[in-house]
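A short worksheet on the structure shown next.
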Amino acid sequence: MPRFRTALAAAVGTAALAAPLALAAPASAAGTGTPVLGEYTVTALKFTVEAGGRQCVVDADLYRPAGVDAEHTAPAVLTTNGFGGSKSDGSTDATGKAFAQRGYVGLAYSGLGFGKSGCLVSLDDPRIDGRAASALVDFLAGTRAADDGTTIDYVTADKKGDPRVGMIGGSYGGAIQMATAAVDHRVDALVPLITWNDLSYSLDPQNAADRDVPGVFKWQWTNGFYLMGEGQPLLAPSLDPSRINKLGCLHFVDDACATISTLNSGRYPADRTKALIDYARGVSPVSYLKDVKAPTLLVQGQSDSLFNLNEARASYDTLRGQGTTTKMIWQSWGHSGGLTDPASGELNLGEGNLETSYVGRRVLAWFDRYLHHKTGVDTGPAFAYYRDWISDPDGTYATAAGVPALSKKLYLSGDGKLVDNRKKVARGSREYRNWLIPTSHSESSLGGLIGLPDPAPHDTRGTYLDWTTEPLATTTDVVGAPKATLKVISPRTERVQNSGDAADKLVLFAKLYDVAPDGTKTLVHRLVAPVRVPDVTRPFTVTLPGIVHRYEKGHRIQFVVAASDDAYGGNKGIKPVTVTSAPEDTGTVELPVVGQ
């Protein structure tokens with residue numbers, strides 16, 4: 001468990017480490033471009049807050065920059081840890097220090113159920129975690145005292161009781177920002193990094209259009225976090241009694257316990273499934289973004305199989321659709337890794353390139369505009385994405401007015417080809433069948449976290465079907481979420497799919513490979529689209545995870561439908577699947593191609 005927690009902090013906590021980006025640009029030493037960092041003091045505080053009908057103690061550190069007082073106020077930044085962390089872990093602590101060095105009042109705290117904060121883990125529920133964070137905003141406003149009587153009067157205020165405060169953090173520390181802003185409109189700016197939109201999609205992804213049908217259990221990621229939560233006595237001895245649940249799980253709220261129990265059972269009866277979906281969505285931004293009014297800069301990772309790019313896209317579309325000021329960046333790194341080489345132009349905190357990386361400059365501008373109210377600051381384009389095929393650090397990011405639309409349609413031919421014209425489709429029929437054990441591999445989510453080698457993605461003959469283009473005549477850049485429309489034949493599934501247990505429905509996995517001229521195959525960012533087919537008697541649409549990928553000239557695009565994946569749950573029983581093609585009736589794959 002200690003190894004697992006350390007590795008997870010390295011992967012998940014990377015997002016929280018990115019928090020020092022969100023700083024007003026400090027002065028630079030003459031001729032060097034190096035920030036001149038100021039001094040600060042740190043005061044440990046505790047707050048007893050009402051959250052979800054419980055009294056919870058919140059453990060926090062207050063960072064006060066030198067020279068900041070009632071006559072010389074400064075905006076504040078509120079930050080908290082990723083899952084399994086605390087105010088004292090390297091990422092959260094570094095955030096508080098960095099803000100204070102650059103003139104911000106920082107308040108870094110341990111989220112409920114972590115570190116030395118009390119109460120159960122409640123998955124960033126706005127009614128619990130959001131309310132707890134709102135109480136800390138009261139403290140920054142000077143209207144609430146810490147448990148020892150400490151009050152402050154040096155945070156810049158928009159009006160009495162309304163402090164100028166922004167939030168930043170990653171993953172678990174990202175969703176809490178939206179949960180807080182939904183219940184407290186005094187929050188002025190948000191920068192959520194690599195976080196979720198809908199936990200029912202994150203943990204049990206359903207990539208078919210019918211989202212009321214449960215998805216496919218992402219068991220490796222989910223159980224890794226579950227074990228971390230349940231292992232709190234090993235990570236934080238002498239727990240506050242309020243952090244121990246007397247029923248169900250040890251350290252999660254009851255509804256979270258019921259959710260993990262249902263997912264691990266492998267069964268999806270209608271009543272329990274509805275409760276699972278309703279709860280997971282209820283504690284997720286998808287349910288409360290309508291109440292978020294604070295300007296939001298979403299930063300999501302292209303290398304992220306836990307919270308993929310589609311999560312940020314869903315939040316982005318909702319926020320912009322309702323008029324909330326929102327912009328989005330797709331960076332290289334996420335929970336599954338990614339680039340950290342400063343020569344690439346990407347953010348690398350260890351190298352200290354906060355003011356020189358693209359993402360860093362964007363976040364600096366965001367806080368300048370919405371915390372310092374510098375109205376002339378350009379906060380950048382609506383959408384930007386990282387291109388790993390560009391060697392010039394100054395050109396790695398491309399920008400656009402929005403996420404590219406689907407623009408290239410390919411057809412599934414009966415001979416295994418992926419063709420660009422319906423008339424080229426050959427009539428044909430092919431079959432695959434699953435085994436009782438997984439036969440395809442995309443990634444080892446847990447293995448990667450604890451430092452174990454991860455085998456290359458692979459599929460076992462007879463348990464998948466593929467369709468491949470001819471070698472591409474030009475480079476093809478795909479930016480966004482591909483979409484596939486499929487029709488399958490599975491008589492065994494058809495006989496049981498209406499049993500009342502959704503686990504009897506067919507499960508399959510759609511994915512895109514890049515096939516080099518020498519036959520080497522690359523599963524783009526190791527991402528797959530799990531699907532529980534709503535009804536095998538009808539066509540269905542699959543939205544694949546968003547990608548940013550260049551298919552080089554001479555390479556081929558390969559679309560694969562596989563029967564299983566060892567990072568996810570699978571089919572209940574053996575379910576042979578047939579896919580037929582004819583020019584007048586065949587499946588399609590659509591790609592968001594740019595630059596054509």
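Chain lettering (A, B, ...) mirrors the order of the structure tokens, residue numbering begins at 1 for each chain separately, and ligand numbering begins at 1 in order of display.
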Contact check, region 110-195 of chain A to region 255-258 of chain A, at most 9 Å, counting only C-alpha atoms, closest pairs as JSON lines:
{"residue": "A:Val121", "atom": "CA", "partner": "A:Ala256", "partner_atom": "CA", "distance": 8.6}
{"residue": "A:Ser122", "atom": "CA", "partner": "A:Ala256", "partner_atom": "CA", "distance": 7.2}
{"residue": "A:Leu123", "atom": "CA", "partner": "A:Ala256", "partner_atom": "CA", "distance": 7.9}
Grab the residues selected above and save them as a compact mmCIF listing (two decimals), in the first residue's frame with all heavy atoms.
# COMPACT_ATOMS: atom_id res chain seq x y z
N VAL A 121 -15.01 9.67 3.26
CA VAL A 121 -14.76 10.03 1.87
C VAL A 121 -16.10 10.05 1.13
O VAL A 121 -16.81 9.05 1.10
CB VAL A 121 -13.81 9.02 1.20
CG1 VAL A 121 -13.62 9.35 -0.28
CG2 VAL A 121 -12.46 9.00 1.93
N SER A 122 -16.44 11.20 0.55
CA SER A 122 -17.77 11.35 -0.07
C SER A 122 -17.68 11.78 -1.52
O SER A 122 -18.65 12.32 -2.08
CB SER A 122 -18.62 12.33 0.74
OG SER A 122 -17.91 13.47 1.14
N LEU A 123 -16.55 11.56 -2.17
CA LEU A 123 -16.39 11.68 -3.62
C LEU A 123 -16.73 13.08 -4.16
O LEU A 123 -17.35 13.22 -5.21
CB LEU A 123 -17.23 10.61 -4.34
CG LEU A 123 -16.92 9.16 -3.96
CD1 LEU A 123 -17.76 8.21 -4.78
CD2 LEU A 123 -15.44 8.85 -4.12
Residues near Ser88 (chain A), anyone? I mean within 8 Å using only C-alpha atoms, not counting same-chain ones fewer than 4 positions away, as a list in words.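 Contacts, in chain order: Thr92, Asp93, Ser110 and Gly115 of chain A.
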One residue among A:Ala503, A:Met167, A:Val524, A:Ala529 is nearest to Pro269 (chain A) when using only C-alpha atoms, and that residue is A:Ala503
DSSP on the backbone, strand (DSSP E) only: what residues of region 365-562 of chain A does that give? Format it as a PyMOL selection string. chain A and resi 383-386+397-400+408-412+418-419+428-432+440-441+458-459+464-468+476-480+483-486+507-515+521-523+529-532+540-543+547-551+556-562
Given only C-alpha atoms as the counted atoms, nearest of A:Phe559, A:Trp196, A:Trp389, A:Tyr109 to Tyr513 (chain A): A:Phe559
Residues near Asp388 (chain A), cut-off 12 Å, only C-alpha atoms, skip fewer than 5 positions along chain, as a PyMOL selection string: chain A and resi 302-303+330-333+338-341+343-346+393+395-398+477+525+547-551
Atoms kept (N, CA and C atoms) for selection, written as a PDB file, in the first residue's frame:
ATOM      1  N   GLN A 302      -4.215  14.151 -22.551  1.00  0.00           N
ATOM      2  CA  GLN A 302      -4.408  13.242 -23.680  1.00  0.00           C
ATOM      3  C   GLN A 302      -4.006  11.814 -23.319  1.00  0.00           C
ATOM      4  N   SER A 303      -3.106  11.661 -22.332  1.00  0.00           N
ATOM      5  CA  SER A 303      -2.718  10.325 -21.860  1.00  0.00           C
ATOM      6  C   SER A 303      -3.459  10.061 -20.557  1.00  0.00           C
ATOM      7  N   TRP A 330      -6.097  20.767 -24.022  1.00  0.00           N
ATOM      8  CA  TRP A 330      -5.739  19.353 -23.947  1.00  0.00           C
ATOM      9  C   TRP A 330      -4.217  19.277 -23.928  1.00  0.00           C
ATOM     10  N   GLN A 331      -3.658  18.944 -22.768  1.00  0.00           N
ATOM     11  CA  GLN A 331      -2.212  18.837 -22.601  1.00  0.00           C
ATOM     12  C   GLN A 331      -1.769  17.395 -22.839  1.00  0.00           C
ATOM     13  N   SER A 332      -0.464  17.150 -22.768  1.00  0.00           N
ATOM     14  CA  SER A 332       0.025  15.807 -23.092  1.00  0.00           C
ATOM     15  C   SER A 332      -0.210  14.823 -21.957  1.00  0.00           C
ATOM     16  N   TRP A 333      -0.021  15.260 -20.705  1.00  0.00           N
ATOM     17  CA  TRP A 333       0.004  14.271 -19.623  1.00  0.00           C
ATOM     18  C   TRP A 333      -1.315  14.193 -18.861  1.00  0.00           C
ATOM     19  N   GLY A 338       2.502  10.527 -19.870  1.00  0.00           N
ATOM     20  CA  GLY A 338       2.611  11.609 -20.826  1.00  0.00           C
ATOM     21  C   GLY A 338       3.959  12.286 -20.760  1.00  0.00           C
ATOM     22  N   LEU A 339       4.144  13.285 -21.572  1.00  0.00           N
ATOM     23  CA  LEU A 339       5.432  13.943 -21.700  1.00  0.00           C
ATOM     24  C   LEU A 339       5.721  14.861 -20.519  1.00  0.00           C
ATOM     25  N   THR A 340       6.976  14.832 -20.063  1.00  0.00           N
ATOM     26  CA  THR A 340       7.421  15.757 -19.018  1.00  0.00           C
ATOM     27  C   THR A 340       8.740  16.405 -19.396  1.00  0.00           C
ATOM     28  N   ASP A 341       9.227  16.129 -20.585  1.00  0.00           N
ATOM     29  CA  ASP A 341      10.496  16.687 -21.038  1.00  0.00           C
ATOM     30  C   ASP A 341      10.330  18.174 -21.337  1.00  0.00           C
ATOM     31  N   ALA A 343      12.084  20.144 -22.912  1.00  0.00           N
ATOM     32  CA  ALA A 343      12.466  20.481 -24.280  1.00  0.00           C
ATOM     33  C   ALA A 343      11.276  20.396 -25.223  1.00  0.00           C
ATOM     34  N   SER A 344      10.233  19.687 -24.806  1.00  0.00           N
ATOM     35  CA  SER A 344       9.049  19.540 -25.640  1.00  0.00           C
ATOM     36  C   SER A 344       8.162  20.775 -25.575  1.00  0.00           C
ATOM     37  N   GLY A 345       8.429  21.655 -24.618  1.00  0.00           N
ATOM     38  CA  GLY A 345       7.577  22.828 -24.442  1.00  0.00           C
ATOM     39  C   GLY A 345       6.433  22.596 -23.482  1.00  0.00           C
ATOM     40  N   GLU A 346       6.320  21.386 -22.941  1.00  0.00           N
ATOM     41  CA  GLU A 346       5.273  21.086 -21.977  1.00  0.00           C
ATOM     42  C   GLU A 346       5.680  21.528 -20.576  1.00  0.00           C
ATOM     43  N   PRO A 393       9.465  23.488 -29.574  1.00  0.00           N
ATOM     44  CA  PRO A 393       8.679  23.715 -28.357  1.00  0.00           C
ATOM     45  C   PRO A 393       7.685  24.865 -28.479  1.00  0.00           C
ATOM     46  N   GLY A 395       5.902  25.509 -30.954  1.00  0.00           N
ATOM     47  CA  GLY A 395       4.805  25.198 -31.865  1.00  0.00           C
ATOM     48  C   GLY A 395       4.043  23.941 -31.509  1.00  0.00           C
ATOM     49  N   THR A 396       4.252  23.422 -30.297  1.00  0.00           N
ATOM     50  CA  THR A 396       3.613  22.154 -29.947  1.00  0.00           C
ATOM     51  C   THR A 396       2.109  22.281 -29.780  1.00  0.00           C
ATOM     52  N   TYR A 397       1.626  23.476 -29.424  1.00  0.00           N
ATOM     53  CA  TYR A 397       0.187  23.653 -29.246  1.00  0.00           C
ATOM     54  C   TYR A 397      -0.438  24.295 -30.476  1.00  0.00           C
ATOM     55  N   ALA A 398      -1.541  23.719 -30.900  1.00  0.00           N
ATOM     56  CA  ALA A 398      -2.371  24.331 -31.932  1.00  0.00           C
ATOM     57  C   ALA A 398      -3.619  24.865 -31.255  1.00  0.00           C
ATOM     58  N   ASP A 477      -4.231  14.136 -39.437  1.00  0.00           N
ATOM     59  CA  ASP A 477      -4.262  14.526 -38.027  1.00  0.00           C
ATOM     60  C   ASP A 477      -5.690  14.401 -37.498  1.00  0.00           C
ATOM     61  N   HIS A 525      -2.552   6.070 -27.331  1.00  0.00           N
ATOM     62  CA  HIS A 525      -2.640   6.371 -25.896  1.00  0.00           C
ATOM     63  C   HIS A 525      -3.283   5.236 -25.092  1.00  0.00           C
ATOM     64  N   ILE A 547      -8.885  11.798 -28.967  1.00  0.00           N
ATOM     65  CA  ILE A 547      -7.445  11.633 -29.166  1.00  0.00           C
ATOM     66  C   ILE A 547      -6.906  12.839 -29.930  1.00  0.00           C
ATOM     67  N   VAL A 548      -5.614  13.033 -29.828  1.00  0.00           N
ATOM     68  CA  VAL A 548      -4.883  13.945 -30.701  1.00  0.00           C
ATOM     69  C   VAL A 548      -3.731  13.115 -31.250  1.00  0.00           C
ATOM     70  N   HIS A 549      -3.804  12.785 -32.542  1.00  0.00           N
ATOM     71  CA  HIS A 549      -2.829  11.831 -33.099  1.00  0.00           C
ATOM     72  C   HIS A 549      -2.609  12.094 -34.579  1.00  0.00           C
ATOM     73  N   ARG A 550      -1.362  12.045 -34.978  1.00  0.00           N
ATOM     74  CA  ARG A 550      -1.015  12.142 -36.401  1.00  0.00           C
ATOM     75  C   ARG A 550      -0.740  10.751 -36.960  1.00  0.00           C
ATOM     76  N   TYR A 551      -1.490  10.377 -37.983  1.00  0.00           N
ATOM     77  CA  TYR A 551      -1.192   9.188 -38.784  1.00  0.00           C
ATOM     78  C   TYR A 551      -0.277   9.644 -39.912  1.00  0.00           C
TER      79      TYR A 551
END
I'd like to know which of A:Ala141, A:Leu45, A:Ala94, A:Ala456 is closest to Lys159 (chain A), using only C-alpha atoms.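 Counting only C-alpha atoms, the residue closest to Lys159 (chain A) is A:Ala141.
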Neighbour list for region 496-502 of chain A as a ChimeraX atom specification, cut-off 8 Å, only C-alpha atoms, skip fewer than 6 positions in-chain: /A:213-214,267-270,535
Just the selected residues (all heavy atoms), exported as a tab-separated table (two decimals), in the first residue's frame, please.
chain	number	residue	atom	x	y	z
A	213	VAL	N	-28.30	2.57	-20.06
A	213	VAL	CA	-27.82	1.18	-19.93
A	213	VAL	C	-26.47	1.24	-19.24
A	213	VAL	O	-25.60	2.02	-19.64
A	213	VAL	CB	-27.70	0.52	-21.32
A	213	VAL	CG1	-27.06	-0.86	-21.20
A	213	VAL	CG2	-29.06	0.43	-21.98
A	214	PRO	N	-26.24	0.47	-18.18
A	214	PRO	CA	-24.94	0.53	-17.49
A	214	PRO	C	-23.80	0.18	-18.43
A	214	PRO	O	-24.00	-0.47	-19.46
A	214	PRO	CB	-25.09	-0.50	-16.37
A	214	PRO	CG	-26.17	-1.41	-16.82
A	214	PRO	CD	-27.11	-0.56	-17.61
A	267	ARG	N	-23.11	-7.94	-11.57
A	267	ARG	CA	-24.54	-8.03	-11.89
A	267	ARG	C	-25.14	-6.63	-11.93
A	267	ARG	O	-24.73	-5.75	-11.18
A	267	ARG	CB	-25.27	-8.89	-10.86
A	267	ARG	CG	-24.79	-10.34	-10.82
A	267	ARG	CD	-25.61	-11.16	-9.84
A	267	ARG	NE	-27.00	-11.24	-10.26
A	267	ARG	CZ	-28.02	-10.66	-9.60
A	267	ARG	NH1	-27.78	-9.95	-8.51
A	267	ARG	NH2	-29.25	-10.78	-10.04
A	268	TYR	N	-26.13	-6.44	-12.81
A	268	TYR	CA	-26.75	-5.13	-12.99
A	268	TYR	C	-28.28	-5.23	-12.97
A	268	TYR	O	-28.94	-4.87	-13.94
A	268	TYR	CB	-26.29	-4.50	-14.30
A	268	TYR	CG	-24.84	-4.08	-14.33
A	268	TYR	CD1	-23.87	-4.94	-14.83
A	268	TYR	CD2	-24.45	-2.83	-13.87
A	268	TYR	CE1	-22.54	-4.55	-14.87
A	268	TYR	CE2	-23.13	-2.44	-13.91
A	268	TYR	CZ	-22.18	-3.30	-14.41
A	268	TYR	OH	-20.86	-2.92	-14.45
A	269	PRO	N	-28.87	-5.72	-11.89
A	269	PRO	CA	-30.33	-5.72	-11.82
A	269	PRO	C	-30.85	-4.28	-11.88
A	269	PRO	O	-30.17	-3.34	-11.44
A	269	PRO	CB	-30.63	-6.37	-10.46
A	269	PRO	CG	-29.37	-6.20	-9.67
A	269	PRO	CD	-28.25	-6.23	-10.65
A	270	ALA	N	-32.04	-4.11	-12.42
A	270	ALA	CA	-32.54	-2.78	-12.75
A	270	ALA	C	-32.55	-1.83	-11.55
A	270	ALA	O	-32.14	-0.67	-11.66
A	270	ALA	CB	-33.95	-2.89	-13.34
A	535	ASP	N	-29.09	-3.07	-27.48
A	535	ASP	CA	-29.99	-4.03	-28.12
A	535	ASP	C	-29.31	-4.54	-29.38
A	535	ASP	O	-29.10	-3.78	-30.33
A	535	ASP	CB	-31.32	-3.35	-28.46
A	535	ASP	CG	-32.35	-4.31	-29.06
A	535	ASP	OD1	-31.98	-5.44	-29.42
A	535	ASP	OD2	-33.52	-3.91	-29.17
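Closest approach to Gly266 (chain A) from the set A:Asp204, A:Glu494, A:Asp158, A:Glu584 is made by A:Asp204, with distances taken over only C-alpha atoms.
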Which is closest to Tyr411 (chain A) among A:Ser86, A:Thr469, A:Thr475, A:Asn245, if we use only C-alpha atoms?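 Closest to Tyr411 (chain A), using only C-alpha atoms: A:Thr469.
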Distance in Å - CA of His458 (chain A) versus CA of Ser429 (chain A): 23.2 Å
For Gly82 (chain A), which of A:Pro295, A:Gly166, A:Gly113, A:Pro592 is the closest residue, counting only C-alpha atoms?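 Residue with the minimum atom-to-atom distance to Gly82 (chain A): A:Gly113.
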